[in-house]
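To start, the structure itself, in structure tokens.
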Amino acid sequence: MKKIILLGSIALATLVFVGCGGNESVETINIEKESIEHLLEEYEDCQSSAESAMDCKDFTAKAISKYYGVEDLMVEGKYIDYNEIYEYISSSSAWRNMGDVDEQSVLDEAQKLANEGVPVIAINTDDENSFTVLIVAGEQASSSKWGVKVPVCAAFFPKNGPEPFINKTLNYAWGDADGIEIWVRN
């Protein structure tokens with residue numbers, strides 16, 4: 001009887017494993033999550049010891065991976081620079097575009113997923129560097145500027161850019177909603 005149950009369990013597990021696969025496999029490696037507060041401290045340390053504006057350009061990719069506890073946004077073992085994130089995710093089967101920030105349902109789903117620990121980011125595709133912010137756990141707030149309820153985010157701007165921030169609403173990162181897309185990791 002135990003052999004039948006064991007063999008049945010193995011067969012079912014094999015069926016589920018094989019049956020759930022798509023045409024492409026996306027490898028997910030989970031790493032220990034870090035708090036957004038710790039990441040801000042780490043970024044400030046990086047900035048204070050930076051010798052040039054080119055230092056710390058990979059921190060947004062690193063922060064996305066560490067905050068959500070996934071190993072991603074890397075090429076040849078190194079985190080990509082902030083201005084390479086859009087190109088990377090738009091060609092990756094691991095990420096999908098949820099839509100634009102002028103759609104309340106997209107913003108609601110983005111905050112819900114971030115609160116569940118799913119990697120969600122916002123990217124300004126109108127910006128030449130396609131600047132990216134993390135959607136972080138929190139509670140949406142109304143934006144009179146955008147006319148919608150917006151998610152909470154964190155931003156790690158380049159050395160000569162605005163001050164980095166955490167736990168501010170998405171409209172704090174950009175003056176208007178034009179060109180901003182929400183992306184989620186599958």
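By order in the structure tokens, chains are A, B, ...; within a chain, residues start at 1; ligands start at 1, following the order shown.
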
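Within 8 Å of Asp126 (chain A), once only C-alpha atoms are used and residues closer than 5 positions along the same chain are dropped, the contacting residues are Asp178, Gly179 and Ile180 of chain A.
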
*Which neighbours of region 138-147 of chain A fall inside 10 Å, counting only C-alpha atoms, when residues of the same chain fewer than 6 positions from it are skipped, and could you give them as JSON, numbers by chain?*
{"A": [101, 102, 104, 107, 108, 111, 112, 114, 115, 153, 167, 168, 169, 170, 171, 172, 175, 176, 177, 178]}

*Find the spatial neighbours of region 117-120 of chain A, counting only C-alpha atoms, within a cut-off of 12 Å - ignore same-chain residues fewer than 2 positions away - and output them as a ChimeraX atom specification.*
/A:28,30,33-35,61,63-73,89,94-99,106-115,122-123,132-138,151-154,181-186

_Residues of region 66-144 of chain A in strand (DSSP E or B), written as a list of chain:residue names_ = A:Val70, A:Met74, A:Val75, A:Lys78, A:Tyr79, A:Trp95, A:Arg96, A:Asn97, A:Met98, A:Gly99, A:Asp100, A:Val120, A:Ile121, A:Ala122, A:Ile123, A:Asn124, A:Thr132, A:Val133, A:Leu134, A:Ile135, A:Ala141, A:Ser142, A:Ser143

*Fewer than 3 positions away in the same chain doesn't count, so skip those; otherwise give me all residues within 12 Å of Gly161 (chain A), counting only C-alpha atoms, as a ChimeraX atom specification.*
/A:47,53,57,131,155-158,164-165,173

*asked:* Quick check, in Å to one decimal: how far apart do CA of Asn124 (chain A) and CA of Leu39 (chain A) lie?
replied: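 Calculated distance between CA of Asn124 (chain A) and CA of Leu39 (chain A) is 21.7 Å.
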
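Candidate residues A:Glu103, A:Glu37, A:Glu128, A:Glu42 were compared for distance to Glu87 (chain A), and the nearest is A:Glu128, using only C-alpha atoms.
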
In region 41-171 of chain A, DSSP alpha helix (DSSP H) residues written as a short mmCIF file (atom, residue, chain, number, x, y, z; two decimals) with N, CA and C atoms, in the first residue's frame:
```cif
data_model
loop_
_atom_site.label_atom_id
_atom_site.label_comp_id
_atom_site.auth_asym_id
_atom_site.auth_seq_id
_atom_site.Cartn_x
_atom_site.Cartn_y
_atom_site.Cartn_z
N GLU A 41 20.27 52.61 3.34
CA GLU A 41 21.54 52.80 4.05
C GLU A 41 22.71 52.29 3.21
N GLU A 42 22.53 51.13 2.60
CA GLU A 42 23.57 50.54 1.75
C GLU A 42 23.87 51.45 0.57
N TYR A 43 22.82 52.03 -0.02
CA TYR A 43 23.00 52.93 -1.16
C TYR A 43 23.73 54.21 -0.73
N GLU A 44 23.33 54.75 0.41
CA GLU A 44 24.00 55.96 0.89
C GLU A 44 25.47 55.69 1.17
N ASP A 45 25.80 54.50 1.68
CA ASP A 45 27.20 54.12 1.88
C ASP A 45 27.93 54.05 0.55
N CYS A 46 27.27 53.47 -0.45
CA CYS A 46 27.87 53.37 -1.78
C CYS A 46 28.14 54.76 -2.34
N GLN A 47 27.15 55.64 -2.22
CA GLN A 47 27.30 57.01 -2.74
C GLN A 47 28.42 57.77 -2.02
N SER A 48 28.49 57.62 -0.70
CA SER A 48 29.49 58.38 0.06
C SER A 48 30.92 57.92 -0.24
N SER A 49 31.08 56.68 -0.64
CA SER A 49 32.42 56.18 -0.97
C SER A 49 32.68 56.17 -2.47
N PHE A 59 22.96 49.88 -8.61
CA PHE A 59 22.27 49.69 -7.34
C PHE A 59 20.77 49.47 -7.50
N THR A 60 20.11 50.09 -8.44
CA THR A 60 18.67 49.88 -8.61
C THR A 60 18.39 48.42 -8.92
N ALA A 61 19.16 47.81 -9.80
CA ALA A 61 18.99 46.39 -10.12
C ALA A 61 19.27 45.53 -8.89
N LYS A 62 20.31 45.87 -8.15
CA LYS A 62 20.65 45.15 -6.93
C LYS A 62 19.53 45.28 -5.90
N ALA A 63 18.98 46.48 -5.76
CA ALA A 63 17.91 46.72 -4.79
C ALA A 63 16.65 45.94 -5.14
N ILE A 64 16.30 45.88 -6.41
CA ILE A 64 15.13 45.11 -6.84
C ILE A 64 15.32 43.64 -6.44
N SER A 65 16.49 43.11 -6.73
CA SER A 65 16.77 41.70 -6.41
C SER A 65 16.77 41.46 -4.90
N LYS A 66 17.45 42.31 -4.16
CA LYS A 66 17.57 42.09 -2.72
C LYS A 66 16.27 42.34 -1.97
N TYR A 67 15.52 43.36 -2.37
CA TYR A 67 14.26 43.67 -1.69
C TYR A 67 13.24 42.54 -1.88
N TYR A 68 13.18 42.03 -3.10
CA TYR A 68 12.21 40.97 -3.39
C TYR A 68 12.76 39.56 -3.16
N ILE A 85 17.95 48.56 -17.39
CA ILE A 85 16.87 47.73 -16.84
C ILE A 85 15.72 47.57 -17.83
N TYR A 86 15.27 48.65 -18.44
CA TYR A 86 14.12 48.57 -19.35
C TYR A 86 14.40 47.62 -20.52
N GLU A 87 15.55 47.78 -21.14
CA GLU A 87 15.90 46.91 -22.27
C GLU A 87 15.97 45.45 -21.81
N TYR A 88 16.54 45.23 -20.64
CA TYR A 88 16.68 43.87 -20.10
C TYR A 88 15.32 43.22 -19.86
N ILE A 89 14.44 43.91 -19.13
CA ILE A 89 13.16 43.27 -18.78
C ILE A 89 12.21 43.18 -19.96
N SER A 90 12.28 44.14 -20.89
CA SER A 90 11.37 44.09 -22.03
C SER A 90 11.72 42.96 -22.99
N GLN A 104 -6.10 53.06 -13.19
CA GLN A 104 -6.20 52.78 -11.76
C GLN A 104 -6.10 51.29 -11.46
N SER A 105 -6.68 50.45 -12.31
CA SER A 105 -6.63 49.01 -12.06
C SER A 105 -5.19 48.48 -12.10
N VAL A 106 -4.36 49.04 -12.95
CA VAL A 106 -2.95 48.65 -13.03
C VAL A 106 -2.24 49.06 -11.74
N LEU A 107 -2.49 50.26 -11.26
CA LEU A 107 -1.87 50.73 -10.03
C LEU A 107 -2.33 49.92 -8.82
N ASP A 108 -3.62 49.59 -8.77
CA ASP A 108 -4.15 48.77 -7.68
C ASP A 108 -3.49 47.40 -7.65
N GLU A 109 -3.39 46.78 -8.82
CA GLU A 109 -2.78 45.45 -8.91
C GLU A 109 -1.29 45.50 -8.58
N ALA A 110 -0.62 46.57 -9.00
CA ALA A 110 0.81 46.72 -8.71
C ALA A 110 1.04 46.78 -7.20
N GLN A 111 0.23 47.57 -6.48
CA GLN A 111 0.41 47.66 -5.03
C GLN A 111 0.07 46.35 -4.35
N LYS A 112 -0.99 45.69 -4.83
CA LYS A 112 -1.39 44.40 -4.26
C LYS A 112 -0.27 43.38 -4.40
N LEU A 113 0.30 43.29 -5.59
CA LEU A 113 1.38 42.33 -5.84
C LEU A 113 2.63 42.67 -5.02
N ALA A 114 2.98 43.94 -4.94
CA ALA A 114 4.15 44.34 -4.14
C ALA A 114 3.92 43.98 -2.67
N ASN A 115 2.71 44.17 -2.19
CA ASN A 115 2.39 43.81 -0.80
C ASN A 115 2.50 42.31 -0.57
N LEU A 170 4.33 57.05 -5.81
CA LEU A 170 4.91 57.01 -7.15
C LEU A 170 4.98 58.38 -7.81
N ASN A 171 3.99 59.23 -7.57
CA ASN A 171 3.99 60.55 -8.19
C ASN A 171 5.10 61.45 -7.63
#
```
